[in-house]
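**Q** Got a structure for you, model24.tsv, holding TSV, C-alpha atoms.
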```tsv
chain	number	residue	atom	x	y	z
A	1	MET	CA	277.97	140.72	-71.53
A	2	GLU	CA	276.55	141.15	-75.00
A	3	ASP	CA	273.42	139.35	-76.10
A	4	LEU	CA	273.60	137.23	-79.21
A	5	THR	CA	270.64	136.15	-81.27
A	6	ILE	CA	270.26	133.05	-83.41
A	7	ASP	CA	267.42	131.46	-85.34
A	8	ALA	CA	266.65	127.82	-84.72
A	9	LEU	CA	264.23	125.43	-86.38
A	10	LEU	CA	262.17	122.95	-84.42
A	11	ARG	CA	263.53	119.50	-85.27
A	12	THR	CA	261.36	116.54	-86.12
A	13	GLU	CA	264.11	114.13	-87.20
A	14	PHE	CA	265.70	112.22	-84.35
A	15	GLY	CA	268.27	109.49	-83.89
A	16	LYS	CA	271.41	108.75	-85.86
A	17	GLN	CA	269.79	108.99	-89.30
A	18	GLY	CA	267.83	112.12	-88.40
A	19	ALA	CA	270.91	113.85	-87.00
A	20	LYS	CA	272.89	112.97	-90.15
A	21	ALA	CA	270.13	114.40	-92.35
A	22	VAL	CA	270.18	117.63	-90.33
A	23	ARG	CA	273.97	117.91	-90.58
A	24	ASN	CA	273.81	117.43	-94.35
A	25	LYS	CA	271.71	120.62	-94.54
A	26	LYS	CA	274.56	122.56	-92.84
A	27	LEU	CA	272.65	122.63	-89.58
A	28	VAL	CA	273.70	121.40	-86.16
A	29	PRO	CA	271.27	119.26	-84.18
A	30	GLY	CA	270.71	120.57	-80.69
A	31	VAL	CA	268.53	120.38	-77.65
A	32	ILE	CA	267.15	123.08	-75.35
A	33	TYR	CA	266.26	122.15	-71.80
A	34	GLY	CA	265.68	123.94	-68.54
A	35	LYS	CA	264.07	123.77	-65.13
A	36	HIS	CA	260.58	124.97	-65.96
A	37	HIS	CA	259.99	123.94	-69.59
A	38	ASP	CA	259.81	120.82	-71.67
A	39	THR	CA	262.80	119.75	-73.72
A	40	LEU	CA	262.87	121.03	-77.30
A	41	HIS	CA	264.84	119.51	-80.17
A	42	VAL	CA	266.17	122.12	-82.57
A	43	SER	CA	268.57	122.54	-85.45
A	44	ILE	CA	270.82	125.61	-85.68
A	45	PRO	CA	272.79	126.90	-88.69
A	46	VAL	CA	276.47	126.00	-88.37
A	47	GLU	CA	277.75	129.44	-89.29
A	48	ASP	CA	275.58	131.16	-86.66
A	49	LEU	CA	276.78	128.77	-84.00
A	50	LYS	CA	280.42	129.33	-84.95
A	51	LYS	CA	279.94	133.09	-84.59
A	52	ILE	CA	278.56	132.57	-81.09
A	53	LEU	CA	281.44	130.30	-80.13
A	54	LYS	CA	283.87	132.93	-81.36
A	55	ALA	CA	282.27	135.46	-79.03
A	56	GLY	CA	282.82	133.13	-76.06
A	57	ALA	CA	281.27	130.06	-74.51
A	58	ASN	CA	279.74	131.89	-71.54
A	59	GLU	CA	277.54	134.26	-73.53
A	60	LEU	CA	273.77	134.55	-73.14
A	61	ILE	CA	272.06	133.55	-76.37
A	62	LYS	CA	268.61	134.67	-77.45
A	63	ILE	CA	267.05	131.95	-79.56
A	64	ASN	CA	264.15	132.46	-81.98
A	65	ILE	CA	262.62	129.03	-82.45
A	66	LYS	CA	260.65	128.82	-85.69
A	67	ASN	CA	257.88	126.25	-86.03
A	68	ASN	CA	255.32	126.44	-88.86
A	69	GLY	CA	255.35	130.24	-88.99
A	70	GLU	CA	255.22	130.67	-85.22
A	71	VAL	CA	258.22	132.04	-83.39
A	72	GLY	CA	259.05	131.23	-79.79
A	73	ARG	CA	261.76	133.09	-77.89
A	74	LYS	CA	264.10	131.64	-75.30
A	75	THR	CA	267.28	132.71	-73.53
A	76	ALA	CA	269.91	130.04	-73.06
A	77	LEU	CA	273.53	129.25	-72.39
A	78	ILE	CA	275.71	126.68	-74.13
A	79	LYS	CA	275.85	123.83	-71.64
A	80	ASP	CA	277.72	121.23	-73.67
A	81	MET	CA	279.00	120.66	-77.16
A	82	GLN	CA	280.16	117.69	-79.20
A	83	LYS	CA	282.84	118.01	-81.88
A	84	HIS	CA	284.31	115.50	-84.29
A	85	VAL	CA	287.72	114.54	-82.89
A	86	VAL	CA	289.55	114.85	-86.20
A	87	THR	CA	287.60	117.27	-88.39
A	88	ASP	CA	286.40	119.54	-85.53
A	89	GLU	CA	282.96	119.56	-87.13
A	90	LEU	CA	280.20	120.60	-84.71
A	91	LEU	CA	278.06	117.52	-84.08
A	92	HIS	CA	275.61	118.52	-81.36
A	93	VAL	CA	274.92	121.34	-78.95
A	94	ASP	CA	273.15	121.39	-75.59
A	95	LEU	CA	271.50	124.69	-74.64
A	96	TYR	CA	270.38	125.35	-71.08
A	97	GLU	CA	267.35	127.61	-70.79
A	98	ILE	CA	267.63	130.20	-68.06
A	99	SER	CA	265.30	132.65	-66.40
A	100	GLU	CA	266.63	136.10	-65.55
A	101	ASN	CA	265.78	136.05	-61.86
A	102	GLU	CA	267.16	132.64	-61.02
A	103	TYR	CA	270.67	131.90	-59.84
A	104	ILE	CA	272.60	129.49	-62.01
A	105	ARG	CA	275.64	127.35	-61.38
A	106	MET	CA	278.22	127.17	-64.14
A	107	LYS	CA	281.91	127.16	-64.93
A	108	ALA	CA	283.97	130.21	-65.83
A	109	PRO	CA	287.42	130.05	-67.45
A	110	VAL	CA	290.48	131.36	-65.62
A	111	LEU	CA	292.51	134.11	-67.29
A	112	ILE	CA	296.09	134.51	-66.09
A	113	LYS	CA	297.27	138.12	-65.81
A	114	GLY	CA	300.84	139.27	-65.47
A	115	LYS	CA	304.16	137.48	-65.25
A	116	ALA	CA	305.00	135.76	-61.98
A	117	LYS	CA	308.18	136.70	-60.11
A	118	GLY	CA	309.07	133.05	-59.92
A	119	ILE	CA	309.13	132.70	-63.69
A	120	GLU	CA	311.86	135.34	-63.96
A	121	LEU	CA	313.89	133.21	-61.53
A	122	GLY	CA	313.43	130.18	-63.77
A	123	GLY	CA	310.29	128.69	-62.26
A	124	ILE	CA	307.48	127.06	-64.23
A	125	LEU	CA	303.93	128.41	-63.98
A	126	GLN	CA	301.49	125.55	-63.67
A	127	VAL	CA	297.78	126.22	-64.10
A	128	VAL	CA	296.14	123.62	-61.87
A	129	THR	CA	292.51	124.66	-62.31
A	130	ARG	CA	291.50	126.05	-65.69
A	131	GLU	CA	287.81	126.54	-64.88
A	132	LEU	CA	286.15	127.65	-61.66
A	133	ASN	CA	282.65	126.78	-60.50
A	134	ILE	CA	280.54	129.84	-59.87
A	135	ARG	CA	276.98	130.75	-58.86
A	136	CYS	CA	275.41	133.97	-60.10
A	137	LEU	CA	272.47	135.60	-61.81
A	138	PRO	CA	272.47	135.42	-65.63
A	139	LYS	CA	273.09	139.18	-65.85
A	140	ALA	CA	276.29	138.88	-63.84
A	141	ILE	CA	277.93	135.99	-65.70
A	142	PRO	CA	281.60	136.88	-66.10
A	143	LYS	CA	283.33	136.18	-69.42
A	144	HIS	CA	286.36	134.98	-67.48
A	145	ILE	CA	287.89	135.22	-64.02
A	146	GLU	CA	291.10	137.19	-63.90
A	147	VAL	CA	293.87	135.83	-61.74
A	148	ASP	CA	296.84	138.10	-61.05
A	149	VAL	CA	300.00	136.04	-60.63
A	150	THR	CA	302.64	138.81	-60.50
A	151	GLU	CA	303.39	138.28	-56.80
A	152	LEU	CA	303.86	134.51	-57.05
A	153	ASN	CA	307.34	133.25	-56.27
A	154	ILE	CA	308.85	129.81	-56.74
A	155	GLY	CA	306.98	127.26	-54.65
A	156	HIS	CA	304.02	129.55	-54.06
A	157	THR	CA	300.44	128.57	-54.86
A	158	LEU	CA	297.44	130.76	-55.50
A	159	HIS	CA	294.19	129.32	-54.13
A	160	VAL	CA	290.53	130.11	-54.77
A	161	ARG	CA	290.48	132.14	-51.51
A	162	ASP	CA	293.17	134.46	-52.94
A	163	ILE	CA	291.17	135.44	-56.02
A	164	LYS	CA	289.64	138.90	-56.01
A	165	SER	CA	285.91	138.64	-55.46
A	166	ILE	CA	283.63	139.73	-58.30
A	167	ASN	CA	280.35	141.56	-57.71
A	168	ASP	CA	277.33	139.23	-57.57
A	169	VAL	CA	279.47	136.17	-58.33
A	170	GLU	CA	280.01	133.47	-55.74
A	171	PHE	CA	282.79	130.88	-56.02
A	172	THR	CA	281.37	127.47	-55.19
A	173	ASP	CA	284.73	125.68	-55.18
A	174	SER	CA	286.41	125.04	-51.85
A	175	PRO	CA	288.62	128.02	-50.85
A	176	ASP	CA	291.56	125.62	-50.57
A	177	VAL	CA	291.44	124.54	-54.21
A	178	PRO	CA	294.74	125.50	-55.89
A	179	VAL	CA	294.45	127.53	-59.08
A	180	VAL	CA	298.02	128.41	-60.09
A	181	HIS	CA	301.35	127.13	-58.83
A	182	VAL	CA	304.93	128.12	-59.61
A	183	MET	CA	307.16	125.09	-59.71
A	184	ALA	CA	310.92	125.04	-59.16
A	185	PRO	CA	312.93	124.82	-62.39
A	186	ALA	CA	313.41	121.31	-63.64
A	187	LYS	CA	316.83	119.83	-64.27
A	188	GLU	CA	317.69	119.89	-67.92
A	189	GLU	CA	317.50	116.37	-69.24
A	190	GLU	CA	320.54	115.16	-71.10
A	191	VAL	CA	319.70	113.37	-74.30
A	192	VAL	CA	321.64	110.14	-74.19
A	193	GLN	CA	321.72	107.93	-77.22
A	194	PRO	CA	321.13	104.30	-76.32
A	195	VAL	CA	324.40	102.38	-76.67
A	196	VAL	CA	322.82	99.07	-77.48
A	197	ALA	CA	319.98	99.80	-79.85
A	198	GLU	CA	318.82	96.25	-80.41
A	199	ALA	CA	318.88	95.02	-76.85
A	200	ALA	CA	316.73	92.01	-76.14
A	201	VAL	CA	313.26	93.02	-74.86
A	202	ALA	CA	312.96	92.01	-71.24
A	203	GLU	CA	309.70	90.31	-70.46
A	204	PRO	CA	307.61	91.51	-67.54
A	205	GLU	CA	306.41	89.33	-64.74
A	206	VAL	CA	303.36	87.24	-65.61
A	207	ILE	CA	300.69	87.25	-62.89
A	208	LYS	CA	299.52	83.74	-62.09
A	209	LYS	CA	297.00	82.34	-59.68
A	210	GLY	CA	298.11	80.46	-56.56
A	211	LYS	CA	301.72	79.64	-55.71
A	212	GLU	CA	302.64	78.17	-59.06
A	213	ALA	CA	306.10	78.91	-60.33
A	214	LYS	CA	306.27	81.76	-62.79
A	215	GLU	CA	307.05	81.03	-66.40
A	216	GLY	CA	310.76	81.02	-67.09
A	217	GLU	CA	311.50	80.64	-63.38
A	218	GLN	CA	312.18	77.55	-61.37
A	219	PRO	CA	310.86	77.00	-57.85
A	220	ALA	CA	313.30	78.17	-55.16
A	221	GLU	CA	314.22	74.69	-53.90
A	222	GLU	CA	314.85	73.33	-57.37
A	223	ALA	CA	317.00	76.32	-58.20
A	224	LYS	CA	319.18	75.70	-55.15
A	225	ASP	CA	319.58	72.07	-56.08
A	226	THR	CA	320.63	72.88	-59.60
A	227	LYS	CA	323.21	75.38	-58.36
A	228	GLN	CA	324.72	72.78	-56.08
A	229	ALA	CA	324.47	70.13	-58.72
A	230	ALA	CA	326.05	72.25	-61.42
A	231	PRO	CA	329.73	72.09	-60.28
A	232	ALA	CA	329.43	68.35	-59.82
A	233	ALA	CA	328.07	67.97	-63.31
A	234	ARG	CA	330.97	69.97	-64.74
A	235	GLU	CA	333.47	67.73	-62.96
A	236	LYS	CA	331.75	64.73	-64.43
A	237	ALA	CA	331.79	66.21	-67.92
A	238	GLU	CA	335.49	67.18	-67.91
A	239	PRO	CA	336.98	63.69	-67.24
A	240	LYS	CA	335.05	62.33	-70.18
A	241	LYS	CA	336.70	64.82	-72.58
A	242	GLU	CA	340.13	63.96	-71.20
A	243	ALA	CA	339.38	60.28	-71.57
A	244	LYS	CA	338.42	60.82	-75.19
A	245	LYS	CA	341.68	62.68	-75.91
A	246	GLU	CA	343.74	59.91	-74.36
A	247	SER	CA	341.99	57.31	-76.47
A	248	LYS	CA	342.88	59.28	-79.64
B	1	MET	CA	311.69	102.27	-72.92
B	2	LEU	CA	308.12	102.02	-71.69
B	3	MET	CA	306.66	98.59	-70.94
B	4	PRO	CA	304.34	97.09	-68.33
B	5	SER	CA	305.87	95.82	-65.11
B	6	LYS	CA	303.38	92.95	-64.74
B	7	VAL	CA	301.09	91.29	-67.25
B	8	LYS	CA	298.41	88.65	-66.89
B	9	TYR	CA	299.25	86.92	-70.16
B	10	ARG	CA	302.49	86.96	-72.17
B	11	LYS	CA	300.83	87.11	-75.59
B	12	GLN	CA	297.75	88.83	-77.02
B	13	GLN	CA	295.73	88.62	-80.20
B	14	ARG	CA	296.22	91.49	-82.64
B	15	GLY	CA	292.64	92.79	-82.55
B	16	ARG	CA	291.23	95.44	-84.88
B	17	MET	CA	291.70	99.18	-84.92
B	18	LYS	CA	288.61	100.59	-86.56
B	19	GLY	CA	286.85	103.76	-85.50
B	20	LEU	CA	288.07	106.91	-83.84
B	21	SER	CA	289.78	107.38	-80.52
B	22	LYS	CA	287.04	107.28	-77.90
B	23	GLY	CA	289.14	108.57	-75.04
B	24	GLY	CA	292.28	110.63	-74.69
B	25	ASN	CA	291.27	112.85	-77.59
B	26	THR	CA	291.36	116.23	-75.83
B	27	LEU	CA	294.16	118.17	-74.18
B	28	ALA	CA	294.09	117.29	-70.49
B	29	PHE	CA	297.32	118.68	-69.03
B	30	GLY	CA	299.25	120.95	-71.37
B	31	ASP	CA	298.51	123.88	-73.66
B	32	ILE	CA	299.73	122.32	-76.87
B	33	GLY	CA	299.79	118.74	-78.04
B	34	LEU	CA	300.37	116.28	-80.85
B	35	GLN	CA	297.24	114.51	-82.13
B	36	ALA	CA	297.18	111.43	-84.34
B	37	LEU	CA	295.22	111.73	-87.58
B	38	GLY	CA	295.95	108.23	-88.82
B	39	ARG	CA	295.85	104.83	-87.21
B	40	GLY	CA	298.47	102.21	-86.52
B	41	TYR	CA	300.72	100.53	-84.03
B	42	MET	CA	303.04	102.80	-82.07
B	43	THR	CA	305.96	100.90	-80.59
B	44	SER	CA	307.78	101.70	-77.38
B	45	LYS	CA	310.83	102.59	-79.49
B	46	GLN	CA	308.84	105.13	-81.47
B	47	ILE	CA	307.38	106.62	-78.28
B	48	GLU	CA	310.90	106.96	-76.89
B	49	ALA	CA	312.36	108.35	-80.14
B	50	ALA	CA	309.66	111.03	-80.32
B	51	ARG	CA	310.15	111.84	-76.63
B	52	ILE	CA	313.88	112.33	-77.16
B	53	ALA	CA	313.15	114.56	-80.18
B	54	ILE	CA	310.89	116.72	-78.02
B	55	THR	CA	313.23	116.91	-75.02
B	56	ARG	CA	315.97	118.33	-77.25
B	57	PHE	CA	313.85	121.51	-77.41
B	58	ILE	CA	312.61	121.51	-73.82
B	59	LYS	CA	314.91	123.51	-71.63
B	60	LYS	CA	314.34	124.06	-67.92
B	61	THR	CA	310.94	125.67	-68.31
B	62	GLY	CA	309.01	123.14	-70.36
B	63	ARG	CA	306.94	120.18	-69.27
B	64	LEU	CA	306.00	117.13	-71.26
B	65	TRP	CA	303.26	114.53	-70.83
B	66	ILE	CA	303.18	111.26	-72.74
B	67	ARG	CA	299.53	110.25	-73.22
B	68	VAL	CA	300.08	106.76	-74.64
B	69	PHE	CA	301.48	103.62	-73.00
B	70	PRO	CA	302.60	100.50	-74.87
B	71	ASP	CA	300.80	97.73	-72.98
B	72	LYS	CA	300.22	95.30	-75.85
B	73	PRO	CA	302.85	92.64	-76.60
B	74	PHE	CA	303.76	92.21	-80.27
B	75	THR	CA	304.99	88.76	-81.27
B	76	LYS	CA	306.97	87.58	-84.26
B	77	LYS	CA	308.18	84.22	-85.51
B	78	PRO	CA	311.90	83.85	-86.19
B	79	ALA	CA	313.14	84.23	-89.79
B	80	GLU	CA	313.02	81.20	-92.06
B	81	THR	CA	310.64	79.30	-89.82
B	82	ARG	CA	307.91	77.07	-91.19
B	83	MET	CA	304.35	77.97	-90.28
B	84	GLY	CA	302.75	76.36	-87.26
B	85	LYS	CA	304.39	75.30	-84.00
B	86	GLY	CA	302.53	77.96	-82.07
B	87	LYS	CA	302.59	81.72	-81.75
B	88	GLY	CA	305.92	83.54	-81.96
B	89	ASP	CA	307.73	85.17	-79.08
B	90	PRO	CA	307.02	88.73	-77.88
B	91	ILE	CA	309.54	91.07	-79.49
B	92	GLU	CA	308.26	94.50	-78.50
B	93	TRP	CA	305.53	96.48	-76.77
B	94	ILE	CA	303.05	98.49	-78.77
B	95	THR	CA	299.95	100.64	-78.36
B	96	ILE	CA	297.12	100.93	-80.85
B	97	VAL	CA	296.61	104.52	-81.95
B	98	LYS	CA	293.35	105.58	-83.59
B	99	PRO	CA	292.60	108.97	-85.22
B	100	GLY	CA	292.07	111.71	-82.67
B	101	ARG	CA	294.35	110.31	-79.98
B	102	ILE	CA	296.54	112.85	-78.18
B	103	LEU	CA	300.08	111.46	-78.04
B	104	TYR	CA	302.12	114.19	-76.32
B	105	GLU	CA	301.24	117.35	-74.46
B	106	MET	CA	303.50	120.25	-73.59
B	107	GLU	CA	303.37	123.34	-71.41
B	108	GLY	CA	305.57	126.21	-70.28
B	109	MET	CA	307.45	127.11	-73.45
B	110	GLU	CA	307.28	129.47	-76.40
B	111	LYS	CA	304.73	128.50	-79.02
B	112	GLU	CA	307.30	128.47	-81.84
B	113	VAL	CA	309.63	126.18	-79.89
B	114	ALA	CA	306.78	123.84	-79.02
B	115	TYR	CA	305.77	123.67	-82.68
B	116	LYS	CA	309.35	122.81	-83.68
B	117	ALA	CA	309.59	120.14	-80.99
B	118	LEU	CA	306.31	118.47	-81.91
B	119	THR	CA	307.05	118.66	-85.63
B	120	SER	CA	310.36	116.88	-85.13
B	121	ALA	CA	308.57	114.29	-82.98
B	122	SER	CA	306.00	113.71	-85.72
B	123	TYR	CA	308.77	112.55	-88.09
B	124	LYS	CA	309.37	109.57	-85.80
B	125	LEU	CA	305.81	108.29	-86.03
B	126	PRO	CA	304.21	105.92	-88.54
B	127	PHE	CA	301.02	107.93	-89.11
B	128	ASP	CA	299.90	111.48	-89.85
B	129	THR	CA	299.65	113.89	-86.95
B	130	ARG	CA	298.71	117.48	-86.29
B	131	ILE	CA	299.50	119.99	-83.59
B	132	ILE	CA	296.56	121.24	-81.55
B	133	GLU	CA	296.34	124.08	-79.08
B	134	ARG	CA	294.06	124.72	-76.16
B	135	GLU	CA	291.35	127.27	-76.83
B	136	THR	CA	292.47	130.13	-74.66
B	137	VAL	CA	290.45	132.94	-73.14
B	138	LYS	CA	291.06	136.36	-74.70
```
Translate the structure described by the file into structure tokens.
**A**
Amino acid sequence: MEDLTIDALLRTEFGKQGAKAVRNKKLVPGVIYGKHHDTLHVSIPVEDLKKILKAGANELIKINIKNNGEVGRKTALIKDMQKHVVTDELLHVDLYEISENEYIRMKAPVLIKGKAKGIELGGILQVVTRELNIRCLPKAIPKHIEVDVTELNIGHTLHVRDIKSINDVEFTDSPDVPVVHVMAPAKEEEVVQPVVAEAAVAEPEVIKKGKEAKEGEQPAEEAKDTKQAAPAAREKAEPKKEAKKESK
Amino acid sequence: MLMPSKVKYRKQQRGRMKGLSKGGNTLAFGDIGLQALGRGYMTSKQIEAARIAITRFIKKTGRLWIRVFPDKPFTKKPAETRMGKGKGDPIEWITIVKPGRILYEMEGMEKEVAYKALTSASYKLPFDTRIIERETVK
């Protein structure tokens, strides 16, 4: 793991307006918190933060916090990050302060290695768990957890218990948690053009309270009566037409 | 076509569609997805048309997730009808899409094929979209 260093300024502007003012200066508002220290509000240059993110999310960061000529040093990890959903602009960053001799719990990304046997037979590799929960010392934080899938056949699943153990890293997930699965090949779906494009939209059932009849439906007894009554009504209607013809 | 099986009320008010998509704006299942950049109504027909466009490219190995569901009834009065006499009848089912919403997600296929599939799906939709990929570990 390589150490990265960034400079941060102690922030005095808070809230929506304060955060906007910070972002206008090409800085990202952030917060540093940890077990043994008070929370600090900082602002970090966007470009520096982007460089760190490029290096990887699980990197230890050395932060020089500048405040009126004084410089404080802290070591932290990126705990959380907010991005704009459309522009991908960095909006806020949470940094978790760590001490070198204390175990930390965090998530490490899964890296798939190799090509599964099942894929060559037409199976589909499904990554069920993309991040694994781990517990380790800050020195031993892995960049990623390699998962070898070459032996996986169709229908086989690789669990947390099957992953090769890493020195000084403990998996805190249950050993039965599935990580990767090779599914059987799906049937190719035939694209069928709808014959009737402008079919009338069927209306779904409307949920009503009590035993009231649903809209557009008649109560069961009434419906029966109308069915029985219908032929009789037709018979009545037909003689009238005949009578009219005769009169003409 | 997608539609709810049961509803509490037949008709709904139109509502507003300001702001950005608060949920469903990150890839949850697949590796590559189609994200809305504009806002508008997406009808069940459009959802189906885009799905068909994507499935033309998916062979046996690909998987597709549809991340939107049309649960809002859209009503319309008949042509040449005078105003009044109540709200029109439901004619189709829609979903409100705001910028940032993930519409489709895919997994298990070549990147180029997935791009082609999602591009052809984007032609069926009434707003701008972009293709986004999951940030992978290197």
**Q** How many Å separate atom CA of A:Ser99 from atom CA of A:Thr172?
**A**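 Computing it gives 20.3 Å between the two atoms.
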**Q** Would you kindly return, as JSON, numbers by chain, each protein, DNA or RNA residue with an atom no farther than 6 Å from any atom of B:Tyr104, considering all atoms listed in the file and excluding same-chain residues fewer than 3 positions away?
**A** {"B": [33, 34, 65, 66, 67]}
**Q** One decimal, in Å: what's the spacing between atom CA of A:Leu137 and atom CA of B:Arg134?
**A** 28.1 Å
**Q** Work out how far apart atom CA of B:Met42 and atom CA of A:Asp88 are and give it in Å to one decimal.
**A**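 Going from atom CA of B:Met42 over to atom CA of A:Asp88, I get 23.9 Å.
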**Q** Between B:Asp71, B:Thr129, B:Ile58, B:Gly86, which one has atoms that come closest to B:Lys116, using all atoms listed in the file?
**A** B:Ile58
**Q** Check every residue of chain A for an atom within 6 Å of chain B, counting all atoms listed in the file, and provide those that qualify as a list of chain:residue names.
**A**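 Taking all atoms listed in the file into account, A:Val85, A:Val86, A:Ile124, A:Pro185, A:Ala186, A:Glu188, A:Pro204, A:Glu205, A:Val206, A:Ile207 sit within 6 Å of chain B.
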**Q** Would you kindly return, as a PyMOL selection string, each protein, DNA or RNA residue with an atom no farther than 12 Å from any atom of A:His37, considering all atoms listed in the file and excluding same-chain residues fewer than 4 positions away?
**A** chain A and resi 32-33+74+96-99
**Q** Neighbours of A:His159 within 6 Å (all atoms listed in the file; same-chain residues fewer than 5 positions away dropped), as a list in words?
**A**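 These residues fall inside the cut-off: Asp176, Val177, Pro178 and Val179 of chain A.
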**Q** Find, counting all atoms listed in the file, the residue in B:Lys72, B:Lys11, B:Lys111, B:Lys124 that gets nearest to B:Ile96.
**A** B:Lys72
**Q** Around (308.4, 82.8, -81.5), as given in the file, which residues come within 8 Å? Count only C-alpha atoms and list them as a list in words.
**A** Thr75, Lys76, Lys77, Pro78, Gly86, Lys87, Gly88, Asp89 and Pro90 of chain B
**Q** Could you please take those selected residues and save C-alpha atoms as a short mmCIF file (atom, residue, chain, number, x, y, z; two decimals), in the coordinates of the input?
**A**
```cif
data_model
loop_
_atom_site.label_atom_id
_atom_site.label_comp_id
_atom_site.auth_asym_id
_atom_site.auth_seq_id
_atom_site.Cartn_x
_atom_site.Cartn_y
_atom_site.Cartn_z
CA THR B 75 304.99 88.76 -81.27
CA LYS B 76 306.97 87.58 -84.26
CA LYS B 77 308.18 84.22 -85.51
CA PRO B 78 311.90 83.85 -86.19
CA GLY B 86 302.53 77.96 -82.07
CA LYS B 87 302.59 81.72 -81.75
CA GLY B 88 305.92 83.54 -81.96
CA ASP B 89 307.73 85.17 -79.08
CA PRO B 90 307.02 88.73 -77.88
#
```
**Q** Counting only C-alpha atoms, which residue out of B:Ala79, B:Val97, B:Glu135, B:Ser120 sits closest to B:Thr43?
**A**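 Closest candidate: B:Val97.
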**Q** So, counting all atoms listed in the file, which residue among B:Ile94, B:Met106, B:Val113, B:Leu27 is closest to B:Arg14?
**A**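 Checking each of B:Ile94, B:Met106, B:Val113, B:Leu27 against B:Arg14, counting all atoms listed in the file, the winner is B:Ile94.
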